[in-house]
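Trainee: Dropping a structure here in structure tokens format, bear with me for questions.
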Amino acid sequence: MAQVGAIIGAATGGWINDRFGRKKATLLADVIFAVGSFVMAAAPDPYVLILGRLLIGLGVGVASITAPVYIAEAAPSEVRGGLVSTNVLMITGGQFLSYLINLAFTEGEKAKAVAVLSKIYDPFRLEDEVDLLAAAAEEDRHKKKARVLDVFRNKEIRLAFLVGGGLQAFQQFTGINTVMYYSPTIVQMAGFQSKQLALLLSLIVAGLNAAGTILGIYLIDHMGRRPLTLVSLSGVFASLVILAVSFFLQSTGVLAVVGLALYITFFSPGMGIVPWTVNSEIYPQAYRGICGGMAATVNWVSNVIVSESFLSIAAAAGTGPTFMILAGIALLAIVFVYLCLPETKALTFEEVEQIWKERAWGRSSGTQALLNRTTTKERTEPSPSHYH
């Protein structure tokens with residue numbers, strides 16, 4: 001039920017962000033999450049517990065879109081990837097703690113925005129950043145809010161969402177939450193029958209996940225989004241093949257545990273953080289909330305599909321073939337990233353937006369002049385086909 005709630009929260013989170021702003025959306029997510037926690041703690045029966053999990057999921061779903069977008073908008077472009085990735089670190093760190101326990105800028109409020117941004121930027125840069133954000137907010141207020149259908153009508157936004165949503169889907173369909181949810185089961189499938197030992201090995205896996213995320217925070221702004229993702233997916237593919245082979249050979253379990261550890265080691269610094277970072281920075285201001293919410297919904301729906309089907313497919317086809325299926329998906333993801341994902345490291349939002357204009361309409365001088373005239377017109381006289 002938590003996943004169902006997360007799907008609903010993510011699906012509505014984009015609208016909430018656009019309607020009420022990032023700060024109020026964050027507070028709403030916090031309140032829903034807190035209420036859900038109290039409901040679960042006081043639950044007298046399983047039905048109330050399920051209600052609490054649904055509320056928890058709603059809060060997580062709204063937060064999963066709001067936090068990355070707010071961080072990306074407030075962060076300097078050269079360290080934006082690392083700061084957005086820190087949000088993922090908090091999630092993976094929480095997962096690590098849970099295994100350990102088992103084992104044992106508001107629109108229109110410029111003064112407040114300046115107070116927050118002064119903690120991030122040096123005085124020489126602060127004024128420029130405030131002016132840019134204020135101009136973007138003013139432009140946004142004069143535009144009609146984007147709707148879901150507008151995402152698919154606008155070629156530039158459609159291309160951006162294809163990449164953002166595709167990354168979120170591949171993050172789940174390459175098996176990460178299956179590995180995290182079922183790592184004790186996978187370890188036992190590999191021959192380690194002691195539940196305590198299985199949990200201990202799963203704790204190590206969760207620790208590797210958190211450590212890999214810390215490494216990714218450094219790499220994403222130094223190595224770049226695109227190469228980091230390609231290396232990550234290549235390692236994920238190889239480790240899934242190792243996992244499949246270990247079950248085909250019915251080994252003693254050491255090879256399976258090695259494959260599991262390698263999987264987390266390669267996944268967490270790249271595919272663990274890049275989809276969230278990319279989705280926080282590839283959409284124009286008017287579409288950032290709605291597209292981010294749609295992409296997060298893709299992530300949660302994919303999460304449900306994979307986690308609910310993994311054990312059934314493993315029982316029907318065998319664990320080895322199931323991991324080979326995931327390896328095949330990882331191979332498709334490599335092709336997708338190579339062909340579709342642009343490099344956005346250290347680019348401003350305006351520069352990223354220009355990438356999609358060029359991909360949609362080409363780079364010819366005539367087209368570029370048309371784009372420049374269109375951009376000027378949009379700033380002075382908003383086009384309904386783009387922003388309502």
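Residues in the structure tokens are named by chain (A, B, ... in the order shown) and by number from 1 within that chain; ligands are numbered from 1 in the order shown.
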With a distance cut-off of 8 Å and only C-alpha atoms, select the neighbouring residues of Leu219 of chain A, excluding the residue or stretch itself and same-chain residues fewer than 3 positions from it, and output the selection as an MDAnalysis selection string.
Mentor: chainID A and resid 82 215:216 222:224 228 269
Trainee: So that I can check the surroundings of Thr348 of chain A, please list as a list in words every protein, DNA and RNA residue that reaches within 9 Å of it, counting only C-alpha atoms and ignoring chain neighbours fewer than 5 positions away.
Mentor: Pro76, Ser77, Glu78, Glu281 and Glu353 of chain A
Trainee: Pull N, CA and C atoms from the residues just selected and write them as an mmCIF file, in the first residue's frame.
Mentor:
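Written output follows (part.cif):
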```cif
data_model
loop_
_atom_site.group_PDB
_atom_site.id
_atom_site.type_symbol
_atom_site.label_atom_id
_atom_site.label_comp_id
_atom_site.auth_asym_id
_atom_site.auth_seq_id
_atom_site.Cartn_x
_atom_site.Cartn_y
_atom_site.Cartn_z
ATOM 1 N N PRO A 76 23.833 26.090 -7.169
ATOM 2 C CA PRO A 76 24.696 26.527 -8.271
ATOM 3 C C PRO A 76 24.836 25.404 -9.293
ATOM 4 N N SER A 77 24.875 25.739 -10.581
ATOM 5 C CA SER A 77 24.846 24.720 -11.627
ATOM 6 C C SER A 77 26.037 23.768 -11.557
ATOM 7 N N GLU A 78 27.205 24.277 -11.108
ATOM 8 C CA GLU A 78 28.400 23.427 -11.114
ATOM 9 C C GLU A 78 28.388 22.351 -10.037
ATOM 10 N N GLU A 281 16.521 18.834 -13.636
ATOM 11 C CA GLU A 281 17.207 19.909 -14.343
ATOM 12 C C GLU A 281 16.909 19.988 -15.839
ATOM 13 N N GLU A 353 17.656 23.884 -21.662
ATOM 14 C CA GLU A 353 16.458 24.087 -22.488
ATOM 15 C C GLU A 353 16.840 24.227 -23.957
#
```
Trainee: Name all residues at most 9 Å from segment 50-66 of chain A (count only C-alpha atoms; drop same-chain ones fewer than 3 positions away) and give them as a short mmCIF file (atom, residue, chain, number, x, y, z; two decimals) with N, CA, C and O atoms, in the first residue's frame.
Mentor:
```cif
data_model
loop_
_atom_site.label_atom_id
_atom_site.label_comp_id
_atom_site.auth_asym_id
_atom_site.auth_seq_id
_atom_site.Cartn_x
_atom_site.Cartn_y
_atom_site.Cartn_z
N MET A 1 0.82 -1.22 0.00
CA MET A 1 0.00 0.00 0.00
C MET A 1 0.85 1.27 0.00
O MET A 1 0.43 2.30 -0.50
N ALA A 2 2.05 1.17 0.58
CA ALA A 2 2.93 2.33 0.57
C ALA A 2 3.29 2.71 -0.87
O ALA A 2 3.35 3.90 -1.22
N GLN A 3 3.50 1.70 -1.72
CA GLN A 3 3.83 1.97 -3.12
C GLN A 3 2.64 2.57 -3.86
O GLN A 3 2.80 3.48 -4.68
N VAL A 4 1.43 2.09 -3.57
CA VAL A 4 0.23 2.67 -4.18
C VAL A 4 0.10 4.14 -3.78
O VAL A 4 -0.17 5.02 -4.62
N GLY A 5 0.30 4.42 -2.49
CA GLY A 5 0.27 5.81 -2.04
C GLY A 5 1.33 6.65 -2.71
O GLY A 5 1.08 7.82 -3.07
N ALA A 6 2.53 6.09 -2.91
CA ALA A 6 3.62 6.83 -3.56
C ALA A 6 3.26 7.16 -5.01
O ALA A 6 3.59 8.25 -5.50
N ILE A 7 2.60 6.22 -5.69
CA ILE A 7 2.17 6.49 -7.07
C ILE A 7 1.20 7.67 -7.11
O ILE A 7 1.33 8.59 -7.92
N ILE A 8 0.22 7.66 -6.21
CA ILE A 8 -0.76 8.74 -6.15
C ILE A 8 -0.07 10.06 -5.78
O ILE A 8 -0.32 11.11 -6.37
N GLY A 9 0.83 10.01 -4.78
CA GLY A 9 1.54 11.21 -4.35
C GLY A 9 2.40 11.80 -5.44
O GLY A 9 2.43 13.02 -5.65
N ALA A 10 3.11 10.93 -6.17
CA ALA A 10 3.96 11.42 -7.26
C ALA A 10 3.12 11.98 -8.40
O ALA A 10 3.48 12.99 -9.02
N ALA A 11 1.99 11.32 -8.69
CA ALA A 11 1.14 11.76 -9.79
C ALA A 11 0.53 13.13 -9.52
O ALA A 11 0.35 13.94 -10.44
N THR A 12 0.20 13.41 -8.26
CA THR A 12 -0.38 14.71 -7.90
C THR A 12 0.68 15.73 -7.45
O THR A 12 0.39 16.92 -7.36
N GLY A 13 1.88 15.25 -7.18
CA GLY A 13 2.93 16.12 -6.65
C GLY A 13 3.32 17.23 -7.60
O GLY A 13 3.62 18.36 -7.16
N GLY A 14 3.33 16.95 -8.91
CA GLY A 14 3.67 17.99 -9.87
C GLY A 14 2.68 19.14 -9.82
O GLY A 14 3.06 20.32 -9.80
N ILE A 16 0.69 19.92 -7.30
CA ILE A 16 0.81 20.58 -5.99
C ILE A 16 1.98 21.57 -6.01
O ILE A 16 1.88 22.69 -5.50
N ASN A 17 3.11 21.16 -6.60
CA ASN A 17 4.27 22.03 -6.69
C ASN A 17 3.97 23.28 -7.51
O ASN A 17 4.36 24.39 -7.13
N ARG A 22 7.15 25.13 -3.93
CA ARG A 22 7.97 24.02 -3.41
C ARG A 22 7.88 23.91 -1.88
O ARG A 22 7.81 22.80 -1.34
N LYS A 23 7.92 25.05 -1.20
CA LYS A 23 7.95 25.02 0.27
C LYS A 23 6.68 24.41 0.83
O LYS A 23 6.72 23.53 1.71
N ALA A 25 4.59 22.47 -0.69
CA ALA A 25 4.52 21.06 -1.09
C ALA A 25 5.36 20.20 -0.16
O ALA A 25 4.96 19.09 0.24
N THR A 26 6.53 20.71 0.22
CA THR A 26 7.40 19.98 1.14
C THR A 26 6.74 19.83 2.52
O THR A 26 6.76 18.75 3.12
N LEU A 28 3.57 19.92 3.17
CA LEU A 28 2.43 19.01 3.04
C LEU A 28 2.90 17.56 3.08
O LEU A 28 2.31 16.72 3.77
N ALA A 29 3.98 17.27 2.36
CA ALA A 29 4.53 15.91 2.37
C ALA A 29 4.96 15.50 3.78
O ALA A 29 4.71 14.37 4.22
N ASP A 30 5.59 16.44 4.49
CA ASP A 30 6.04 16.16 5.86
C ASP A 30 4.85 15.85 6.78
O ASP A 30 4.90 14.91 7.59
N VAL A 31 3.80 16.66 6.66
CA VAL A 31 2.62 16.46 7.51
C VAL A 31 1.97 15.11 7.23
O VAL A 31 1.62 14.36 8.15
N ILE A 32 1.79 14.80 5.95
CA ILE A 32 1.17 13.52 5.58
C ILE A 32 2.01 12.35 6.10
O ILE A 32 1.48 11.37 6.65
N PHE A 33 3.32 12.47 5.94
CA PHE A 33 4.22 11.41 6.40
C PHE A 33 4.13 11.25 7.92
O PHE A 33 4.08 10.12 8.44
N ALA A 34 4.11 12.38 8.64
CA ALA A 34 4.03 12.33 10.11
C ALA A 34 2.71 11.71 10.57
O ALA A 34 2.69 10.86 11.47
N VAL A 35 1.61 12.10 9.92
CA VAL A 35 0.31 11.53 10.27
C VAL A 35 0.31 10.03 10.00
O VAL A 35 -0.17 9.23 10.83
N GLY A 36 0.85 9.63 8.86
CA GLY A 36 0.94 8.21 8.55
C GLY A 36 1.75 7.43 9.57
O GLY A 36 1.39 6.30 9.95
N SER A 37 2.84 8.04 10.06
CA SER A 37 3.67 7.38 11.07
C SER A 37 2.91 7.18 12.37
O SER A 37 2.98 6.11 12.99
N PHE A 38 2.17 8.22 12.79
CA PHE A 38 1.37 8.10 14.01
C PHE A 38 0.27 7.05 13.87
O PHE A 38 0.00 6.29 14.80
N VAL A 39 -0.36 7.02 12.70
CA VAL A 39 -1.41 6.03 12.45
C VAL A 39 -0.84 4.62 12.54
O VAL A 39 -1.43 3.72 13.16
N MET A 40 0.33 4.41 11.95
CA MET A 40 0.96 3.09 11.99
C MET A 40 1.35 2.72 13.42
O MET A 40 1.18 1.57 13.85
N ALA A 41 1.89 3.69 14.15
CA ALA A 41 2.33 3.41 15.53
C ALA A 41 1.16 3.05 16.43
O ALA A 41 1.29 2.22 17.34
N ALA A 43 -1.79 1.79 15.37
CA ALA A 43 -2.73 0.90 14.68
C ALA A 43 -3.18 -0.26 15.57
O ALA A 43 -2.34 -1.04 16.04
N ASP A 45 -5.21 -2.67 14.46
CA ASP A 45 -5.42 -3.86 13.62
C ASP A 45 -4.74 -3.65 12.27
O ASP A 45 -4.31 -2.53 11.94
N PRO A 46 -4.65 -4.70 11.47
CA PRO A 46 -3.94 -4.59 10.19
C PRO A 46 -4.53 -3.57 9.23
O PRO A 46 -3.81 -2.97 8.43
N TYR A 47 -5.86 -3.34 9.30
CA TYR A 47 -6.49 -2.42 8.36
C TYR A 47 -6.04 -0.98 8.61
O TYR A 47 -5.80 -0.21 7.67
N VAL A 69 13.58 18.82 -7.20
CA VAL A 69 13.32 20.03 -7.97
C VAL A 69 13.74 21.27 -7.20
O VAL A 69 14.41 22.17 -7.73
N TYR A 70 13.38 21.35 -5.92
CA TYR A 70 13.74 22.52 -5.11
C TYR A 70 15.26 22.66 -4.99
O TYR A 70 15.81 23.75 -5.13
N ILE A 71 15.94 21.53 -4.71
CA ILE A 71 17.40 21.57 -4.58
C ILE A 71 18.03 22.03 -5.89
O ILE A 71 18.95 22.87 -5.90
N TRP A 276 17.16 10.91 -10.84
CA TRP A 276 16.56 11.99 -10.04
C TRP A 276 17.23 13.33 -10.35
O TRP A 276 16.56 14.37 -10.43
N ASN A 279 16.11 14.52 -13.91
CA ASN A 279 14.73 14.98 -13.94
C ASN A 279 14.51 16.29 -13.22
O ASN A 279 13.49 16.96 -13.42
N SER A 280 15.44 16.67 -12.37
CA SER A 280 15.32 17.96 -11.68
C SER A 280 15.87 19.12 -12.49
O SER A 280 15.67 20.28 -12.12
N GLY A 289 7.47 21.12 -12.56
CA GLY A 289 6.66 20.41 -11.58
C GLY A 289 5.88 19.26 -12.19
O GLY A 289 5.94 18.12 -11.72
N GLY A 292 8.27 16.53 -13.64
CA GLY A 292 8.93 15.82 -12.55
C GLY A 292 7.98 14.86 -11.86
O GLY A 292 8.34 13.72 -11.52
N GLY A 293 6.73 15.30 -11.66
CA GLY A 293 5.73 14.44 -11.05
C GLY A 293 5.40 13.24 -11.93
O GLY A 293 5.25 12.11 -11.44
N MET A 294 5.28 13.46 -13.23
CA MET A 294 4.99 12.36 -14.15
C MET A 294 6.13 11.34 -14.17
O MET A 294 5.90 10.13 -14.17
N ALA A 295 7.38 11.84 -14.18
CA ALA A 295 8.53 10.94 -14.19
C ALA A 295 8.62 10.14 -12.89
O ALA A 295 8.93 8.94 -12.90
N ALA A 296 8.34 10.80 -11.76
CA ALA A 296 8.34 10.10 -10.47
C ALA A 296 7.24 9.03 -10.45
O ALA A 296 7.42 7.95 -9.88
N THR A 297 6.10 9.32 -11.08
CA THR A 297 5.03 8.34 -11.17
C THR A 297 5.48 7.13 -11.98
O THR A 297 5.19 5.98 -11.61
N TRP A 300 7.57 4.98 -9.64
CA TRP A 300 6.84 4.21 -8.64
C TRP A 300 6.00 3.10 -9.27
O TRP A 300 5.88 2.01 -8.70
#
```
Trainee: May I ask which of the residues A:Ala160, A:Ile282, A:Met271, A:Ala315 is the closest one to Lys345 of chain A, counting only C-alpha atoms?
Mentor: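 The shortest atom-to-atom distance to Lys345 of chain A comes from A:Ile282.
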Trainee: Would you please work out which residue, of A:Trp361, A:Trp356, A:Tyr283, A:Phe336, is nearest to Gly166 of chain A when using only C-alpha atoms?
Mentor: A:Phe336
